[in-house]
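The block underneath contains the structure these notes are about, expressed in structure tokens.
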Amino acid sequence: PIRMDDTITSIMPVDDFADDEYVILTTEKGWIKKTPLKAFEKINNRGLTIARLEPGDRLKYSKHCRDGDDILMGTTCGKATRFSSADVRPTKRSSRGVRAMRLREGDTIADMNVVTGRNDEPPNGATAPDGEEYVMCITAAGYGKRTRTSDFNTKQRGGMGVLALKFNAKREGEDRVQSFCVVSGDDEVLLITAQGVMVRQKVSSIPIQGRAATGVLVQKVDEGDSISSISLVPKSAYEDSDD
């Protein structure tokens with residue numbers, strides 16, 4: 001059971017509690033912690049405390065990682081940072097962790113990803129293979145783009161980040177990043193609005209642009225509506241339909 005004032009924020013499937021795997025946790029205000037996955041192998045029906053939060057902060061994201069992986073996260077105001085997961089030392093379940101990113105006033109973490117390897121740009125402007133990884137950035141107003149993960153260089157943890165998206169001039173100050181997730185060119189996504197409109201799109205239809213680009217209108221939303229959720233479609237869902 002959970003408290004009346006608590007909510008489920010993340011679900012993480014686990015099939016093996018490997019010795020070299022960690023749980024990486026990130027809060028809305030930019031704190032991050034890494035705890036050995038083994039620490040969660042035995043959980044009773046009352047649950048376990050997994051992080052200590054500051055007043056006003058919320059735990060938002062949880063992922064598996066290993067020390068050779070990178071952490072790539074973006075903010076609602078269009079900034080991003082990438083750093084090695086080895087820069088986050090393992091801590092006990094009850095600790096707060098360390099600062100992943102310094103946020104400007106009013107900014108919050110929009111998404112957190114684990115990147116398992118670098119993908120360099122194809123030579124001489126060649127077309128990227130469908131399996132290459134990108135960051136898909138979608139705003140609440142429906143603008144979006146893909147940017148290669150290799151465009152985000154690995155830096156030291158705790159910095160201010162770099163520009164990941166430039167907002168449309170007509171909506172600057174009003175729009176925000178709703179999704180900043182790592183995808184492959186052959187993925188499909190579901191875009192869901194606050195008023196219950198759902199659209200399914202192929203990632204390959206979203207253009208590849210640089211970090212400073214605004215993107216294009218990926219999904220038109222009605223006045224008063226906004227993109228509220230973006231989810232990856234499991235590959236089995238459309239691979240089976242092609243058979």
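Every chain in the structure tokens has a letter given in the order shown (A, B, ...), and although residue numbers restart at 1 in each chain, ligands are simply numbered from 1 in the order shown.
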
Contact residues around segment 38-43 of chain A with only C-alpha atoms at 10 Å, ignoring same-chain residues under 3 positions, as a list in words: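 The neighbour list is Val14, Asp16, Phe17, Ala18, Asp19, Asp20, Glu21, Tyr22, Val23, Thr35, Arg46, Gly47, Leu48, Ile50, Lys92 and Arg93 of chain A.
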
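Residues with any atom within 7 Å of Val162 of chain A, counting only C-alpha atoms and excluding same-chain neighbours fewer than 6 positions away, are Lys79, Ala80 and Thr81 of chain A.
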
Would you please give, as a PDB file with N, CA and C atoms, in the first residue's frame, all residues of segment 21-129 of chain A that DSSP assigns to strand (DSSP E) based on the backbone?
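selection24.pdb, freshly written:
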ATOM      1  N   TYR A  22      22.850  -1.253 -11.654  1.00  0.00           N
ATOM      2  CA  TYR A  22      22.394  -0.283 -10.664  1.00  0.00           C
ATOM      3  C   TYR A  22      21.010   0.233 -11.045  1.00  0.00           C
ATOM      4  N   VAL A  23      20.326   0.774 -10.051  1.00  0.00           N
ATOM      5  CA  VAL A  23      19.112   1.543 -10.299  1.00  0.00           C
ATOM      6  C   VAL A  23      19.503   3.013 -10.245  1.00  0.00           C
ATOM      7  N   ILE A  24      19.218   3.744 -11.315  1.00  0.00           N
ATOM      8  CA  ILE A  24      19.520   5.175 -11.346  1.00  0.00           C
ATOM      9  C   ILE A  24      18.211   5.925 -11.184  1.00  0.00           C
ATOM     10  N   LEU A  25      18.139   6.824 -10.218  1.00  0.00           N
ATOM     11  CA  LEU A  25      16.925   7.563  -9.888  1.00  0.00           C
ATOM     12  C   LEU A  25      17.165   9.053 -10.059  1.00  0.00           C
ATOM     13  N   THR A  26      16.191   9.755 -10.613  1.00  0.00           N
ATOM     14  CA  THR A  26      16.310  11.197 -10.836  1.00  0.00           C
ATOM     15  C   THR A  26      15.045  11.898 -10.361  1.00  0.00           C
ATOM     16  N   THR A  27      15.241  13.053  -9.731  1.00  0.00           N
ATOM     17  CA  THR A  27      14.102  13.817  -9.230  1.00  0.00           C
ATOM     18  C   THR A  27      13.772  14.982 -10.167  1.00  0.00           C
ATOM     19  N   TRP A  31      18.176  16.107  -8.918  1.00  0.00           N
ATOM     20  CA  TRP A  31      19.051  15.285  -8.082  1.00  0.00           C
ATOM     21  C   TRP A  31      19.041  13.857  -8.617  1.00  0.00           C
ATOM     22  N   ILE A  32      20.172  13.175  -8.495  1.00  0.00           N
ATOM     23  CA  ILE A  32      20.307  11.829  -9.039  1.00  0.00           C
ATOM     24  C   ILE A  32      21.017  10.943  -8.025  1.00  0.00           C
ATOM     25  N   LYS A  33      20.650   9.685  -8.008  1.00  0.00           N
ATOM     26  CA  LYS A  33      21.350   8.740  -7.138  1.00  0.00           C
ATOM     27  C   LYS A  33      21.416   7.393  -7.822  1.00  0.00           C
ATOM     28  N   LYS A  34      22.421   6.619  -7.433  1.00  0.00           N
ATOM     29  CA  LYS A  34      22.657   5.296  -8.006  1.00  0.00           C
ATOM     30  C   LYS A  34      22.804   4.297  -6.871  1.00  0.00           C
ATOM     31  N   THR A  35      21.996   3.243  -6.915  1.00  0.00           N
ATOM     32  CA  THR A  35      21.991   2.224  -5.867  1.00  0.00           C
ATOM     33  C   THR A  35      22.112   0.851  -6.520  1.00  0.00           C
ATOM     34  N   PRO A  36      22.941  -0.039  -5.983  1.00  0.00           N
ATOM     35  CA  PRO A  36      23.038  -1.380  -6.560  1.00  0.00           C
ATOM     36  C   PRO A  36      21.672  -2.046  -6.662  1.00  0.00           C
ATOM     37  N   LEU A  59      10.347  12.351  -6.900  1.00  0.00           N
ATOM     38  CA  LEU A  59      11.048  11.339  -7.688  1.00  0.00           C
ATOM     39  C   LEU A  59      10.259  11.109  -8.972  1.00  0.00           C
ATOM     40  N   LYS A  60      10.930  11.198 -10.137  1.00  0.00           N
ATOM     41  CA  LYS A  60      10.210  11.099 -11.404  1.00  0.00           C
ATOM     42  C   LYS A  60      10.666   9.945 -12.292  1.00  0.00           C
ATOM     43  N   TYR A  61      11.962   9.576 -12.274  1.00  0.00           N
ATOM     44  CA  TYR A  61      12.469   8.645 -13.275  1.00  0.00           C
ATOM     45  C   TYR A  61      13.360   7.581 -12.638  1.00  0.00           C
ATOM     46  N   SER A  62      13.244   6.352 -13.154  1.00  0.00           N
ATOM     47  CA  SER A  62      14.108   5.259 -12.704  1.00  0.00           C
ATOM     48  C   SER A  62      14.485   4.405 -13.903  1.00  0.00           C
ATOM     49  N   LYS A  63      15.760   4.025 -13.979  1.00  0.00           N
ATOM     50  CA  LYS A  63      16.263   3.213 -15.088  1.00  0.00           C
ATOM     51  C   LYS A  63      17.349   2.264 -14.575  1.00  0.00           C
ATOM     52  N   HIS A  64      17.654   1.214 -15.350  1.00  0.00           N
ATOM     53  CA  HIS A  64      18.812   0.357 -15.110  1.00  0.00           C
ATOM     54  C   HIS A  64      20.046   1.047 -15.690  1.00  0.00           C
ATOM     55  N   CYS A  65      21.187   0.820 -15.102  1.00  0.00           N
ATOM     56  CA  CYS A  65      22.429   1.302 -15.726  1.00  0.00           C
ATOM     57  C   CYS A  65      23.615   0.485 -15.243  1.00  0.00           C
ATOM     58  N   ASP A  70      26.188   6.131 -20.158  1.00  0.00           N
ATOM     59  CA  ASP A  70      26.045   7.576 -19.956  1.00  0.00           C
ATOM     60  C   ASP A  70      24.610   7.901 -19.560  1.00  0.00           C
ATOM     61  N   ILE A  71      24.461   8.982 -18.839  1.00  0.00           N
ATOM     62  CA  ILE A  71      23.141   9.509 -18.484  1.00  0.00           C
ATOM     63  C   ILE A  71      22.896  10.742 -19.339  1.00  0.00           C
ATOM     64  N   LEU A  72      21.763  10.783 -20.028  1.00  0.00           N
ATOM     65  CA  LEU A  72      21.393  11.915 -20.878  1.00  0.00           C
ATOM     66  C   LEU A  72      20.016  12.397 -20.443  1.00  0.00           C
ATOM     67  N   MET A  73      19.945  13.643 -19.977  1.00  0.00           N
ATOM     68  CA  MET A  73      18.669  14.165 -19.498  1.00  0.00           C
ATOM     69  C   MET A  73      18.392  15.546 -20.078  1.00  0.00           C
ATOM     70  N   GLY A  74      17.113  15.865 -20.198  1.00  0.00           N
ATOM     71  CA  GLY A  74      16.702  17.160 -20.718  1.00  0.00           C
ATOM     72  C   GLY A  74      15.734  17.829 -19.765  1.00  0.00           C
ATOM     73  N   THR A  75      15.571  19.142 -19.917  1.00  0.00           N
ATOM     74  CA  THR A  75      14.696  19.897 -19.034  1.00  0.00           C
ATOM     75  C   THR A  75      13.511  20.481 -19.798  1.00  0.00           C
ATOM     76  N   LYS A  79      16.996  22.615 -22.074  1.00  0.00           N
ATOM     77  CA  LYS A  79      18.415  22.364 -21.831  1.00  0.00           C
ATOM     78  C   LYS A  79      18.651  20.864 -21.697  1.00  0.00           C
ATOM     79  N   ALA A  80      19.910  20.442 -21.850  1.00  0.00           N
ATOM     80  CA  ALA A  80      20.242  19.026 -21.724  1.00  0.00           C
ATOM     81  C   ALA A  80      21.664  18.865 -21.221  1.00  0.00           C
ATOM     82  N   THR A  81      21.923  17.724 -20.599  1.00  0.00           N
ATOM     83  CA  THR A  81      23.272  17.402 -20.148  1.00  0.00           C
ATOM     84  C   THR A  81      23.503  15.907 -20.317  1.00  0.00           C
ATOM     85  N   ARG A  82      24.759  15.554 -20.549  1.00  0.00           N
ATOM     86  CA  ARG A  82      25.155  14.152 -20.667  1.00  0.00           C
ATOM     87  C   ARG A  82      26.418  13.939 -19.849  1.00  0.00           C
ATOM     88  N   PHE A  83      26.432  12.903 -19.019  1.00  0.00           N
ATOM     89  CA  PHE A  83      27.607  12.603 -18.205  1.00  0.00           C
ATOM     90  C   PHE A  83      27.669  11.095 -17.964  1.00  0.00           C
ATOM     91  N   SER A  84      28.838  10.633 -17.551  1.00  0.00           N
ATOM     92  CA  SER A  84      29.042   9.214 -17.309  1.00  0.00           C
ATOM     93  C   SER A  84      28.341   8.791 -16.026  1.00  0.00           C
ATOM     94  N   VAL A  98      23.196  13.027  -5.426  1.00  0.00           N
ATOM     95  CA  VAL A  98      24.002  14.193  -5.783  1.00  0.00           C
ATOM     96  C   VAL A  98      23.280  14.987  -6.869  1.00  0.00           C
ATOM     97  N   ARG A  99      23.778  16.186  -7.136  1.00  0.00           N
ATOM     98  CA  ARG A  99      23.140  17.027  -8.140  1.00  0.00           C
ATOM     99  C   ARG A  99      23.549  16.576  -9.544  1.00  0.00           C
ATOM    100  N   ILE A 109      13.325  18.820 -14.621  1.00  0.00           N
ATOM    101  CA  ILE A 109      13.759  17.734 -15.497  1.00  0.00           C
ATOM    102  C   ILE A 109      12.555  17.214 -16.276  1.00  0.00           C
ATOM    103  N   ALA A 110      12.721  17.100 -17.604  1.00  0.00           N
ATOM    104  CA  ALA A 110      11.638  16.605 -18.465  1.00  0.00           C
ATOM    105  C   ALA A 110      11.749  15.112 -18.720  1.00  0.00           C
ATOM    106  N   ASP A 111      12.967  14.583 -18.712  1.00  0.00           N
ATOM    107  CA  ASP A 111      13.155  13.156 -18.983  1.00  0.00           C
ATOM    108  C   ASP A 111      14.597  12.771 -18.668  1.00  0.00           C
ATOM    109  N   MET A 112      14.813  11.486 -18.391  1.00  0.00           N
ATOM    110  CA  MET A 112      16.146  10.959 -18.115  1.00  0.00           C
ATOM    111  C   MET A 112      16.329   9.667 -18.895  1.00  0.00           C
ATOM    112  N   ASN A 113      17.489   9.517 -19.553  1.00  0.00           N
ATOM    113  CA  ASN A 113      17.756   8.354 -20.384  1.00  0.00           C
ATOM    114  C   ASN A 113      19.116   7.756 -20.047  1.00  0.00           C
ATOM    115  N   VAL A 114      19.245   6.466 -20.282  1.00  0.00           N
ATOM    116  CA  VAL A 114      20.526   5.780 -20.178  1.00  0.00           C
ATOM    117  C   VAL A 114      20.994   5.459 -21.594  1.00  0.00           C
ATOM    118  N   VAL A 115      22.169   5.955 -21.959  1.00  0.00           N
ATOM    119  CA  VAL A 115      22.751   5.732 -23.289  1.00  0.00           C
ATOM    120  C   VAL A 115      23.891   4.739 -23.140  1.00  0.00           C
TER     121      VAL A 115
END

Near segment 135-144 of chain A, counting only C-alpha atoms, which residues have an atom at most 7 Å away, once you skip same-chain residues fewer than 3 positions from it, shown as a count of residues only? 22

Atom CA of Arg146 of chain A and atom CA of Glu223 of chain A, how far apart in Å?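 About the pair atom CA of Glu223 of chain A and atom CA of Arg146 of chain A: they are 25.1 Å apart.
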
For Arg52 of chain A, find every residue with an atom within 7 Å (counting only C-alpha atoms), except residues of its own chain fewer than 3 positions away, and show them as a PyMOL selection string. chain A and resi 94-96

How would you write, as a count of residues only, the set of residues in segment 151-235 of chain A that DSSP gives as helix (DSSP H, G or I)? 5
